[in-house]
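S.K.: This is my_file15.csv, which holds CSV, C-alpha atoms and all ligand atoms:
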chain,number,residue,atom,x,y,z
A,147,MET,CA,0.0,0.0,0.0
A,148,GLU,CA,2.7,2.4,1.0
A,149,PHE,CA,4.5,1.7,-2.2
A,150,ALA,CA,1.4,2.3,-4.3
A,151,LYS,CA,0.8,5.7,-2.6
A,152,LEU,CA,4.4,6.7,-3.2
A,153,SER,CA,4.3,5.9,-6.9
A,154,VAL,CA,1.1,8.0,-7.4
A,155,VAL,CA,2.9,10.9,-5.7
A,156,LEU,CA,5.9,10.4,-7.9
A,157,ASN,CA,3.8,10.3,-11.1
A,158,LEU,CA,2.1,13.6,-10.2
A,159,LEU,CA,5.5,15.2,-9.6
A,160,CYS,CA,6.7,14.0,-13.0
A,161,VAL,CA,3.7,15.4,-14.8
A,162,VAL,CA,4.1,18.8,-13.1
A,163,ALA,CA,7.8,18.9,-14.0
A,164,GLY,CA,7.2,17.9,-17.7
A,165,ASP,CA,4.4,20.5,-18.0
A,166,SER,CA,6.3,23.4,-16.5
A,167,CYS,CA,8.2,23.8,-19.8
A,168,SER,CA,4.9,24.2,-21.7
A,169,LEU,CA,6.7,22.9,-24.9
A,170,GLU,CA,5.8,19.7,-26.6
A,171,LEU,CA,7.7,18.1,-29.5
A,172,ARG,CA,5.7,16.0,-32.0
A,173,PRO,CA,7.2,13.5,-32.3
A,174,SER,CA,9.4,13.6,-29.2
A,175,ARG,CA,11.6,10.9,-30.5
A,176,ALA,CA,12.6,10.7,-34.1
A,177,VAL,CA,14.5,7.9,-35.9
A,178,VAL,CA,15.8,9.0,-39.3
A,179,ARG,CA,18.0,7.3,-41.9
A,180,PHE,CA,20.9,9.4,-42.9
A,181,GLY,CA,19.9,11.4,-46.0
A,182,ASP,CA,16.1,11.1,-45.4
A,183,PRO,CA,13.8,14.0,-44.7
A,184,ILE,CA,12.5,15.0,-41.3
A,185,THR,CA,10.0,17.3,-39.8
A,186,VAL,CA,9.2,17.9,-36.1
A,187,SER,CA,6.8,20.4,-34.6
A,188,CYS,CA,7.3,22.2,-31.4
A,189,VAL,CA,4.1,23.4,-29.7
A,190,ALA,CA,3.8,25.8,-26.8
A,191,SER,CA,0.8,25.4,-24.5
A,192,ARG,CA,0.7,29.0,-23.4
A,193,PRO,CA,1.3,32.4,-25.1
A,194,VAL,CA,4.9,32.7,-26.1
A,195,ARG,CA,7.0,35.7,-27.1
A,196,VAL,CA,9.5,33.8,-29.1
A,197,LEU,CA,9.5,30.2,-30.2
A,198,GLY,CA,12.5,28.8,-32.0
A,199,TRP,CA,14.7,25.8,-33.0
A,200,GLU,CA,18.4,25.8,-32.2
A,201,ALA,CA,20.0,23.4,-34.7
A,202,ALA,CA,23.1,23.0,-36.9
A,203,VAL,CA,20.8,22.9,-39.9
A,204,GLY,CA,17.3,24.3,-40.4
A,205,ALA,CA,17.4,26.6,-37.4
A,206,ALA,CA,14.3,28.9,-37.2
A,207,HIS,CA,12.2,31.1,-34.9
A,208,THR,CA,8.9,32.9,-34.8
A,209,GLN,CA,7.3,35.5,-32.7
A,210,ARG,CA,4.0,34.8,-30.9
A,211,ASP,CA,3.2,31.7,-33.0
A,212,GLN,CA,2.6,28.8,-30.7
A,213,THR,CA,3.9,26.3,-33.2
A,214,ILE,CA,7.1,26.0,-35.1
A,215,GLN,CA,8.5,23.3,-37.3
A,216,TRP,CA,12.0,22.1,-37.7
A,217,GLY,CA,12.8,20.1,-40.7
A,218,VAL,CA,15.2,19.4,-43.6
A,219,ASP,CA,14.6,17.6,-46.9
A,220,SER,CA,17.6,15.4,-46.5
A,221,LEU,CA,19.5,15.1,-43.3
A,222,THR,CA,23.1,14.7,-44.3
A,223,ASP,CA,25.0,16.0,-41.3
A,224,TRP,CA,25.8,14.2,-38.1
A,225,ILE,CA,24.3,17.0,-36.1
A,226,GLU,CA,23.7,17.3,-32.4
A,227,GLU,CA,20.1,17.0,-31.2
A,228,PRO,CA,18.1,20.1,-32.1
A,229,ILE,CA,16.6,22.1,-29.2
A,230,CYS,CA,13.3,23.9,-29.2
A,231,TYR,CA,13.2,27.0,-26.9
A,232,GLY,CA,10.5,29.3,-25.8
A,233,VAL,CA,10.5,32.8,-24.3
A,234,PHE,CA,7.3,33.4,-22.5
A,235,PHE,CA,5.4,36.4,-21.1
A,236,THR,CA,4.9,34.8,-17.7
A,237,ALA,CA,7.1,32.7,-15.4
A,238,PRO,CA,8.8,30.4,-16.1
A,239,ARG,CA,10.0,32.8,-18.7
A,240,GLN,CA,12.3,30.5,-20.6
A,241,CYS,CA,12.5,26.9,-21.2
A,242,GLU,CA,13.7,24.4,-23.8
A,243,GLU,CA,13.0,20.8,-24.9
A,244,LYS,CA,15.6,18.7,-26.7
A,245,LEU,CA,14.6,16.4,-29.5
A,246,HIS,CA,15.6,12.8,-29.0
A,247,LEU,CA,17.0,12.3,-32.5
A,248,ILE,CA,18.5,9.1,-33.7
A,249,LEU,CA,20.2,9.4,-37.0
A,250,TYR,CA,21.2,6.0,-38.4
A,251,LYS,CA,23.2,4.5,-41.2
A,252,THR,CA,23.4,0.8,-42.0
A,253,PRO,CA,26.9,-0.7,-42.3
A,254,ASP,CA,28.8,-0.5,-45.6
A,255,SER,CA,29.9,-4.1,-45.1
A,256,ILE,CA,30.3,-6.8,-42.5
A,257,SER,CA,33.0,-9.5,-42.8
A,258,ILE,CA,34.3,-12.4,-40.8
A,259,SER,CA,37.9,-13.8,-40.8
A,260,SER,CA,40.3,-16.0,-38.8
A,261,LEU,CA,42.9,-13.9,-37.1
A,262,ASN,CA,45.4,-16.7,-36.8
A,263,GLN,CA,45.7,-17.9,-40.4
A,264,SER,CA,43.4,-19.0,-43.1
A,265,GLY,CA,43.3,-22.7,-43.9
A,266,PRO,CA,42.7,-25.8,-41.8
A,267,MET,CA,42.6,-25.6,-38.0
A,268,LEU,CA,43.9,-28.3,-35.7
A,269,GLU,CA,41.6,-30.0,-33.3
A,270,GLY,CA,41.8,-28.8,-29.7
A,271,ARG,CA,43.8,-25.7,-30.5
A,272,GLN,CA,42.4,-22.2,-29.9
A,273,TYR,CA,41.6,-19.8,-32.7
A,274,GLU,CA,40.3,-16.3,-32.8
A,275,LEU,CA,37.6,-15.3,-35.3
A,276,GLN,CA,37.0,-11.6,-36.0
A,277,CYS,CA,33.9,-9.9,-37.3
A,278,GLU,CA,34.3,-6.4,-38.6
A,279,VAL,CA,31.5,-3.9,-39.3
A,280,GLN,CA,32.3,-0.9,-41.4
A,281,ASN,CA,30.6,2.5,-41.0
A,282,ILE,CA,27.6,2.0,-38.8
A,283,ALA,CA,25.8,4.6,-36.8
A,284,PRO,CA,24.8,4.9,-34.0
A,285,VAL,CA,26.9,2.1,-32.7
A,286,GLN,CA,25.2,2.0,-29.3
A,287,TYR,CA,22.1,0.4,-31.0
A,288,LEU,CA,24.2,-2.3,-32.6
A,289,ASN,CA,23.9,-5.9,-31.6
A,290,LEU,CA,26.4,-8.2,-33.2
A,291,ARG,CA,25.3,-11.8,-33.2
A,292,TRP,CA,27.6,-14.7,-33.9
A,293,TYR,CA,26.2,-17.9,-35.5
A,294,ARG,CA,27.6,-21.4,-35.9
A,295,GLY,CA,25.2,-22.8,-38.5
A,296,GLN,CA,21.8,-21.6,-37.5
A,297,ILE,CA,22.6,-21.5,-33.8
A,298,GLU,CA,23.5,-18.2,-32.1
A,299,VAL,CA,26.7,-18.7,-30.1
A,300,TYR,CA,27.5,-15.3,-28.9
A,301,ASN,CA,26.3,-11.7,-29.1
A,302,HIS,CA,28.1,-8.5,-28.5
A,303,THR,CA,26.6,-5.0,-27.8
A,304,PHE,CA,28.3,-1.7,-27.9
A,305,SER,CA,26.1,0.4,-25.6
A,306,GLU,CA,29.1,1.8,-23.8
A,307,LEU,CA,30.2,3.6,-27.0
A,308,THR,CA,28.5,7.0,-27.7
A,309,PRO,CA,29.7,8.6,-31.0
A,310,PRO,CA,26.6,9.5,-33.1
A,311,SER,CA,28.6,9.4,-36.3
A,312,PRO,CA,29.6,6.2,-38.2
A,313,VAL,CA,32.4,4.1,-36.8
A,314,GLN,CA,34.1,0.8,-37.5
A,315,VAL,CA,33.8,-1.9,-34.8
A,316,SER,CA,34.8,-5.4,-34.4
A,317,SER,CA,34.1,-8.4,-32.2
A,318,THR,CA,36.2,-11.5,-31.6
A,319,LEU,CA,35.1,-15.0,-30.9
A,320,LEU,CA,37.5,-17.7,-29.4
A,321,ILE,CA,36.8,-21.2,-30.7
A,322,THR,CA,38.5,-24.5,-29.8
A,323,PRO,CA,37.3,-26.7,-32.7
A,324,SER,CA,36.7,-30.4,-32.3
A,325,ARG,CA,36.3,-32.9,-35.1
A,326,ALA,CA,32.6,-32.3,-34.9
A,327,ASP,CA,33.2,-28.7,-36.1
A,328,ASP,CA,34.8,-29.8,-39.4
A,329,GLY,CA,32.7,-28.2,-42.1
A,330,ALA,CA,30.9,-25.8,-39.6
A,331,GLN,CA,30.0,-22.4,-40.9
A,332,TYR,CA,30.4,-19.3,-38.8
A,333,ARG,CA,28.6,-16.0,-39.7
A,334,CYS,CA,28.0,-12.8,-37.9
A,335,MET,CA,25.1,-10.5,-38.2
A,336,ALA,CA,24.9,-6.8,-37.4
A,337,GLU,CA,21.5,-5.9,-36.1
A,338,LEU,CA,20.5,-2.2,-35.6
A,339,ASP,CA,17.7,-2.2,-33.1
A,340,LEU,CA,16.4,1.4,-33.0
A,341,GLY,CA,13.4,0.8,-30.8
A,342,PRO,CA,9.7,1.0,-31.6
A,343,GLU,CA,10.0,4.2,-33.7
A,344,GLY,CA,12.7,2.5,-35.8
A,345,PRO,CA,12.3,0.0,-38.7
A,346,GLN,CA,10.6,-3.3,-37.8
A,347,PRO,CA,11.9,-5.9,-37.8
A,348,PRO,CA,15.2,-4.3,-36.9
A,349,LEU,CA,17.6,-3.8,-39.8
A,350,ASN,CA,20.2,-6.5,-40.2
A,351,MET,CA,23.2,-7.4,-42.4
A,352,THR,CA,25.0,-10.7,-42.4
A,353,SER,CA,28.5,-11.6,-43.3
A,354,GLN,CA,29.5,-14.3,-45.8
A,355,PRO,CA,30.0,-17.6,-44.0
A,356,LEU,CA,33.4,-18.7,-42.8
A,357,SER,CA,33.8,-22.5,-43.3
A,358,VAL,CA,36.0,-24.2,-40.7
A,359,ILE,CA,38.1,-27.1,-41.7
A,360,VAL,CA,39.4,-29.1,-38.8
A,361,HIS,CA,42.3,-31.5,-39.1
A,362,TYR,CA,42.8,-34.4,-36.7
A,363,ALA,CA,44.7,-37.6,-36.4
A,364,PRO,CA,43.1,-41.0,-37.3
A,365,SER,CA,41.2,-42.9,-34.7
A,366,PHE,CA,39.1,-46.0,-34.6
A,367,SER,CA,35.5,-46.0,-33.3
A,368,GLY,CA,35.8,-49.7,-32.3
A,369,PRO,CA,38.4,-51.7,-30.4
A,370,SER,CA,41.9,-51.7,-31.8
A,371,VAL,CA,42.3,-55.5,-31.5
A,372,GLU,CA,39.9,-58.0,-33.2
A,373,ALA,CA,39.9,-61.8,-33.2
A,374,LEU,CA,38.1,-63.7,-35.9
A,375,GLU,CA,37.4,-67.4,-36.2
A,376,VAL,CA,36.6,-68.7,-39.7
A,377,LYS,CA,36.1,-71.9,-41.5
A,378,GLN,CA,38.5,-72.8,-44.3
A,379,GLY,CA,37.4,-71.0,-47.5
A,380,GLU,CA,35.0,-68.7,-45.7
A,381,GLU,CA,35.2,-65.0,-46.5
A,382,VAL,CA,36.8,-62.7,-43.9
A,383,ARG,CA,36.4,-59.0,-43.8
A,384,LEU,CA,38.9,-57.0,-41.9
A,385,ASN,CA,37.6,-53.4,-41.4
A,386,CYS,CA,40.2,-50.9,-40.5
A,387,THR,CA,38.2,-47.8,-41.4
A,388,ALA,CA,39.4,-44.9,-39.2
A,389,GLU,CA,38.2,-41.4,-38.8
A,390,GLY,CA,40.7,-38.7,-39.6
A,391,ASN,CA,41.2,-35.5,-41.6
A,392,PRO,CA,42.9,-35.3,-44.0
A,393,PRO,CA,41.4,-38.8,-44.9
A,394,PRO,CA,43.8,-41.5,-43.6
A,395,VAL,CA,45.9,-43.6,-45.9
A,396,TYR,CA,46.1,-47.3,-45.0
A,397,SER,CA,48.7,-50.0,-45.1
A,398,TRP,CA,48.5,-53.6,-44.1
A,399,SER,CA,51.1,-56.0,-43.0
A,400,THR,CA,51.5,-59.6,-41.7
A,401,PRO,CA,54.6,-61.3,-40.4
A,402,HIS,CA,54.5,-64.2,-42.9
A,403,SER,CA,54.4,-62.1,-46.1
A,404,GLN,CA,56.6,-59.2,-47.3
A,405,GLU,CA,54.3,-58.1,-50.1
A,406,LYS,CA,51.9,-55.2,-49.6
A,407,LEU,CA,48.4,-56.6,-49.0
A,408,THR,CA,46.3,-53.6,-50.0
A,409,ALA,CA,45.9,-49.9,-49.5
A,410,GLU,CA,42.2,-50.1,-48.8
A,411,PRO,CA,40.6,-49.6,-45.4
A,412,VAL,CA,38.7,-52.9,-45.7
A,413,LEU,CA,40.4,-56.2,-46.6
A,414,THR,CA,38.1,-58.9,-47.9
A,415,SER,CA,39.4,-62.3,-48.8
A,416,THR,CA,38.5,-66.1,-48.8
A,417,THR,CA,42.2,-67.1,-49.0
A,418,LEU,CA,43.8,-65.3,-46.1
A,419,PRO,CA,46.0,-67.7,-44.1
A,420,ALA,CA,45.5,-67.8,-40.4
A,421,GLY,CA,47.7,-65.3,-38.5
A,422,THR,CA,48.0,-61.8,-37.3
A,423,TYR,CA,47.3,-58.8,-39.6
A,424,THR,CA,48.2,-55.3,-38.7
A,425,CYS,CA,46.7,-52.3,-40.4
A,426,THR,CA,47.9,-48.7,-40.0
A,427,ALA,CA,45.8,-45.7,-40.7
A,428,SER,CA,47.8,-42.5,-41.0
A,429,ASN,CA,47.7,-38.9,-42.0
A,430,LYS,CA,50.1,-36.0,-41.5
A,431,LEU,CA,48.9,-35.6,-37.8
A,432,GLY,CA,49.5,-39.1,-36.7
A,433,GLU,CA,48.8,-42.8,-37.1
A,434,GLN,CA,46.8,-45.6,-35.4
A,435,SER,CA,47.2,-49.3,-35.8
A,436,LYS,CA,44.6,-52.0,-35.5
A,437,GLN,CA,45.4,-55.7,-35.1
A,438,PHE,CA,43.3,-58.6,-36.5
A,439,THR,CA,43.9,-62.2,-35.5
A,440,ILE,CA,42.5,-64.9,-37.8
A,441,LYS,CA,42.1,-68.4,-36.4
A,442,LEU,CA,40.8,-71.4,-38.3
A,443,LYS,CA,37.8,-73.3,-36.9
A,444,PRO,CA,38.6,-77.0,-36.7
A,501,LIG,C1,45.5,-18.0,-32.4
A,501,LIG,O1,45.6,-16.6,-31.9
A,501,LIG,C2,45.3,-16.5,-30.5
A,501,LIG,C3,45.4,-15.1,-30.1
A,501,LIG,O2,46.4,-14.4,-30.8
A,501,LIG,C4,46.3,-17.4,-29.7
A,501,LIG,O3,45.9,-17.3,-28.3
A,501,LIG,C5,46.2,-18.8,-30.1
A,501,LIG,O4,47.1,-19.6,-29.4
A,501,LIG,C6,46.4,-18.9,-31.6
A,501,LIG,N1,46.2,-20.3,-32.0
A,501,LIG,C7,47.0,-21.0,-32.8
A,501,LIG,C8,46.6,-22.4,-33.1
A,501,LIG,O5,48.1,-20.5,-33.2
A,502,LIG,C1,22.9,-12.5,-25.9
A,502,LIG,O1,23.4,-13.7,-25.4
A,502,LIG,C2,22.9,-14.0,-24.1
A,502,LIG,C3,23.5,-15.4,-23.7
A,502,LIG,O2,24.9,-15.4,-24.1
A,502,LIG,C4,21.4,-14.1,-24.1
A,502,LIG,O3,21.0,-14.4,-22.8
A,502,LIG,C5,20.8,-12.8,-24.6
A,502,LIG,O4,19.4,-13.0,-24.7
A,502,LIG,C6,21.4,-12.4,-25.9
A,502,LIG,N1,20.9,-11.1,-26.2
A,502,LIG,C7,20.2,-10.8,-27.3
A,502,LIG,C8,19.8,-9.4,-27.5
A,502,LIG,O5,19.8,-11.7,-28.1
A,503,LIG,C1,16.8,-9.5,-41.3
A,503,LIG,O1,16.1,-8.6,-42.1
A,503,LIG,C2,15.2,-9.2,-43.0
A,503,LIG,C3,14.6,-8.1,-43.9
A,503,LIG,O2,14.0,-7.2,-43.2
A,503,LIG,C4,14.1,-9.9,-42.2
A,503,LIG,O3,13.2,-10.5,-43.1
A,503,LIG,C5,14.7,-10.9,-41.3
A,503,LIG,O4,13.7,-11.5,-40.5
A,503,LIG,C6,15.8,-10.3,-40.5
A,503,LIG,N1,16.5,-11.4,-39.8
A,503,LIG,C7,16.7,-11.4,-38.5
A,503,LIG,C8,17.4,-12.6,-37.9
A,503,LIG,O5,16.3,-10.5,-37.7
A,504,LIG,C1,33.8,-50.4,-41.6
A,504,LIG,O1,33.6,-49.8,-40.3
A,504,LIG,C2,33.0,-48.5,-40.4
A,504,LIG,C3,32.9,-47.9,-39.0
A,504,LIG,O2,34.0,-48.2,-38.2
A,504,LIG,C4,31.7,-48.5,-41.1
A,504,LIG,O3,31.2,-47.2,-41.2
A,504,LIG,C5,31.8,-49.2,-42.5
A,504,LIG,O4,30.6,-49.3,-43.0
A,504,LIG,C6,32.5,-50.5,-42.3
A,504,LIG,N1,32.8,-51.0,-43.7
A,504,LIG,C7,32.4,-52.2,-44.1
A,504,LIG,C8,32.7,-52.6,-45.5
A,504,LIG,O5,32.0,-53.1,-43.3
Could you spell out this file's structure in structure tokens?
M.R.:
Amino acid sequence: MEFAKLSVVLNLLCVVAGDSCSLELRPSRAVVRFGDPITVSCVASRPVRVLGWEAAVGAAHTQRDQTIQWGVDSLTDWIEEPICYGVFFTAPRQCEEKLHLILYKTPDSISISSLNQSGPMLEGRQYELQCEVQNIAPVQYLNLRWYRGQIEVYNHTFSELTPPSPVQVSSTLLITPSRADDGAQYRCMAELDLGPEGPQPPLNMTSQPLSVIVHYAPSFSGPSVEALEVKQGEEVRLNCTAEGNPPPVYSWSTPHSQEKLTAEPVLTSTTLPAGTYTCTASNKLGEQSKQFTIKLKP
């Protein structure tokens, strides 16, 4: 109850304070694209001696009129917010109202790159991706969103920056790719959210995707030792398929033969003698071996 009463009192105070200026801007908040036209009216609610606009472009004043417009056909200056002022016959004799003006410009470009190097990344190492946005204003309304595929992985706002004119900004994302990231596409999107008076949905611009290639040493999904028992003349299939990037190359060996068996990942035969067969899957990052033992069923 106490809180409810207090907020009523505060509301009344606010209304009184707002009215005491006797000036109203229509609209009070303007969102304009750089180069577009704009018109704002300033209306006095009591007789006024002088009513005027103080602005870097389109400044104007009248005597005794209770309305004055500020406007330009094409706003092409990064001006400060215009102020409407009134000089009155009665107290308070002077007051002013600042227009909340948001002049915006969509970025010229947005791009994504790897700061370390271009080319394949190594599994488990850390890399830094950078997103760069050129010539955007006002940057405090920018929300930079990072995507991996369709999933948003990070967002970055710049609300602490205040320049009204266009700037270049960047955001970095640290990634530690795993093999599951091989082929993943990263993008970043600049979203300019100018509030309810601004364009809906908020303006956005997306970078070209950056495709990540992840290199990793070969590994087997199953056990690295396999024992098989077959009848004479039955087909055996030794599967040495390993996962690796670049794709592994394979070599097979067996103690009782010097000749190269095959360079395929899968060895299929009906004539393999019993014994131990070793397969090695290798690429430039490493190698893994798998052992097969063939026994003949009596
Ligand atoms: C990439 O760059 C970041 C920051 O400069 C560094 O921490 C990281 O170790 C680098 N990664 C590789 C694989 O060189
Ligand atoms: C930014 O990301 C955080 C989580 O990292 C999330 O909670 C928040 O809603 C995101 N902000 C926007 C504007 O999407
Ligand atoms: C980006 O802008 C387009 C065009 O206005 C809109 O259709 C789309 O929904 C926006 N995308 C996002 C993620 O806001
Ligand atoms: C070999 O094993 C892999 C998985 O380790 C499997 O994807 C593949 O289909 C197998 N190949 C044959 C010919 O059995």
S.K.: List all protein, DNA and RNA residues that have at least one atom no more than 12 Å from any atom of ligand LIG 501 (chain A), counting all atoms listed in the file, and write them as a list in words.
M.R.: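 Using all atoms listed in the file, everything at most 12 Å from ligand LIG 501 (chain A) comes to Ser260, Leu261, Asn262, Gln263, Ser264, Gly265, Pro266, Met267, Leu268, Glu269, Gly270, Arg271, Gln272, Tyr273, Glu274, Leu275, Gln276, Thr318, Leu319, Leu320, Ile321, Thr322, Pro323, Val360 and His361 of chain A.
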S.K.: Tell me, counting all atoms listed in the file, for each residue of stretch 212-329 of chain A within 10 Å of stretch 171-180 of chain A, which pair of atoms is nearest and how far apart they are in Å to one decimal, in rows ordered by chain and increasing number, as a Markdown table.
M.R.:
| residue | atom | partner | partner_atom | distance |
| --- | --- | --- | --- | --- |
| A:Thr213 | CA | A:Leu171 | CA | 9.8 |
| A:Ile214 | CA | A:Leu171 | CA | 9.7 |
| A:Gln215 | CA | A:Leu171 | CA | 9.4 |
| A:Ser220 | CA | A:Phe180 | CA | 7.7 |
| A:Leu221 | CA | A:Phe180 | CA | 5.9 |
| A:Thr222 | CA | A:Phe180 | CA | 5.9 |
| A:Asp223 | CA | A:Phe180 | CA | 7.9 |
| A:Trp224 | CA | A:Phe180 | CA | 8.4 |
| A:Ile229 | CA | A:Leu171 | CA | 9.8 |
| A:Cys230 | CA | A:Leu171 | CA | 8.1 |
| A:Glu243 | CA | A:Leu171 | CA | 7.5 |
| A:Lys244 | CA | A:Leu171 | CA | 8.4 |
| A:Leu245 | CA | A:Ser174 | CA | 5.9 |
| A:His246 | CA | A:Arg175 | CA | 4.7 |
| A:Leu247 | CA | A:Ala176 | CA | 4.9 |
| A:Ile248 | CA | A:Val177 | CA | 4.7 |
| A:Leu249 | CA | A:Val178 | CA | 5.0 |
| A:Tyr250 | CA | A:Arg179 | CA | 4.9 |
| A:Lys251 | CA | A:Phe180 | CA | 5.7 |
| A:Thr252 | CA | A:Arg179 | CA | 8.5 |
| A:Ala283 | CA | A:Phe180 | CA | 9.2 |
S.K.: Residues contacting ligand LIG 504 (chain A) - anything with an atom at most 10 Å away, using only C-alpha atoms and all ligand atoms - can you give me those as a PyMOL selection string?
M.R.: chain A and resi 365-369+383-389+411-414
S.K.: Kindly provide, as a PyMOL selection string, all nucleotide and amino acid residues lying within 12 Å of ligand LIG 502 (chain A), counting all atoms listed in the file.
M.R.: chain A and resi 287-293+297-305+335-339+348
S.K.: Keeping only C-alpha atoms, write those residues as a JSON list (two decimals), keeping the file's coordinate frame.
M.R.:
[["chain", "number", "residue", "atom", "x", "y", "z"],
["A", 287, "TYR", "CA", 22.10, 0.40, -31.00],
["A", 288, "LEU", "CA", 24.20, -2.30, -32.60],
["A", 289, "ASN", "CA", 23.90, -5.90, -31.60],
["A", 290, "LEU", "CA", 26.40, -8.20, -33.20],
["A", 291, "ARG", "CA", 25.30, -11.80, -33.20],
["A", 292, "TRP", "CA", 27.60, -14.70, -33.90],
["A", 293, "TYR", "CA", 26.20, -17.90, -35.50],
["A", 297, "ILE", "CA", 22.60, -21.50, -33.80],
["A", 298, "GLU", "CA", 23.50, -18.20, -32.10],
["A", 299, "VAL", "CA", 26.70, -18.70, -30.10],
["A", 300, "TYR", "CA", 27.50, -15.30, -28.90],
["A", 301, "ASN", "CA", 26.30, -11.70, -29.10],
["A", 302, "HIS", "CA", 28.10, -8.50, -28.50],
["A", 303, "THR", "CA", 26.60, -5.00, -27.80],
["A", 304, "PHE", "CA", 28.30, -1.70, -27.90],
["A", 305, "SER", "CA", 26.10, 0.40, -25.60],
["A", 335, "MET", "CA", 25.10, -10.50, -38.20],
["A", 336, "ALA", "CA", 24.90, -6.80, -37.40],
["A", 337, "GLU", "CA", 21.50, -5.90, -36.10],
["A", 338, "LEU", "CA", 20.50, -2.20, -35.60],
["A", 339, "ASP", "CA", 17.70, -2.20, -33.10],
["A", 348, "PRO", "CA", 15.20, -4.30, -36.90]]
S.K.: Can you pull out every residue with an atom within 6 Å of ligand LIG 503 (chain A)? Use only C-alpha atoms and all ligand atoms and format it as an MDAnalysis selection string.
M.R.: chainID A and resid 347 349:350
S.K.: Applying 12 Å and only C-alpha atoms, which residues near A:Ala237 remain after dropping the ones on its own chain fewer than 6 positions away? List them as JSON, numbers by chain.
M.R.: {"A": [166, 167, 168, 192, 193, 194]}
S.K.: Keeping only C-alpha atoms, write the selected residues as a compact mmCIF listing (two decimals), keeping the file's coordinate frame.
M.R.:
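Output contents, as saved in out-v1.txt:
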# COMPACT_ATOMS: atom_id res chain seq x y z
CA SER A 166 6.30 23.40 -16.50
CA CYS A 167 8.20 23.80 -19.80
CA SER A 168 4.90 24.20 -21.70
CA ARG A 192 0.70 29.00 -23.40
CA PRO A 193 1.30 32.40 -25.10
CA VAL A 194 4.90 32.70 -26.10
S.K.: Between A:Tyr423, A:Cys241, A:Asp182, A:Tyr231, which residue has the minimum interatomic distance to A:Ala201, considering only C-alpha atoms?
M.R.: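 That would be A:Tyr231, the residue with the smallest distance to A:Ala201.
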S.K.: Between A:Pro393, A:Gly329, A:Gly295, A:Pro253, which is the closest to A:Glu278 once you count all atoms listed in the file?
M.R.: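 Smallest separation from A:Glu278 among the options: A:Pro253.
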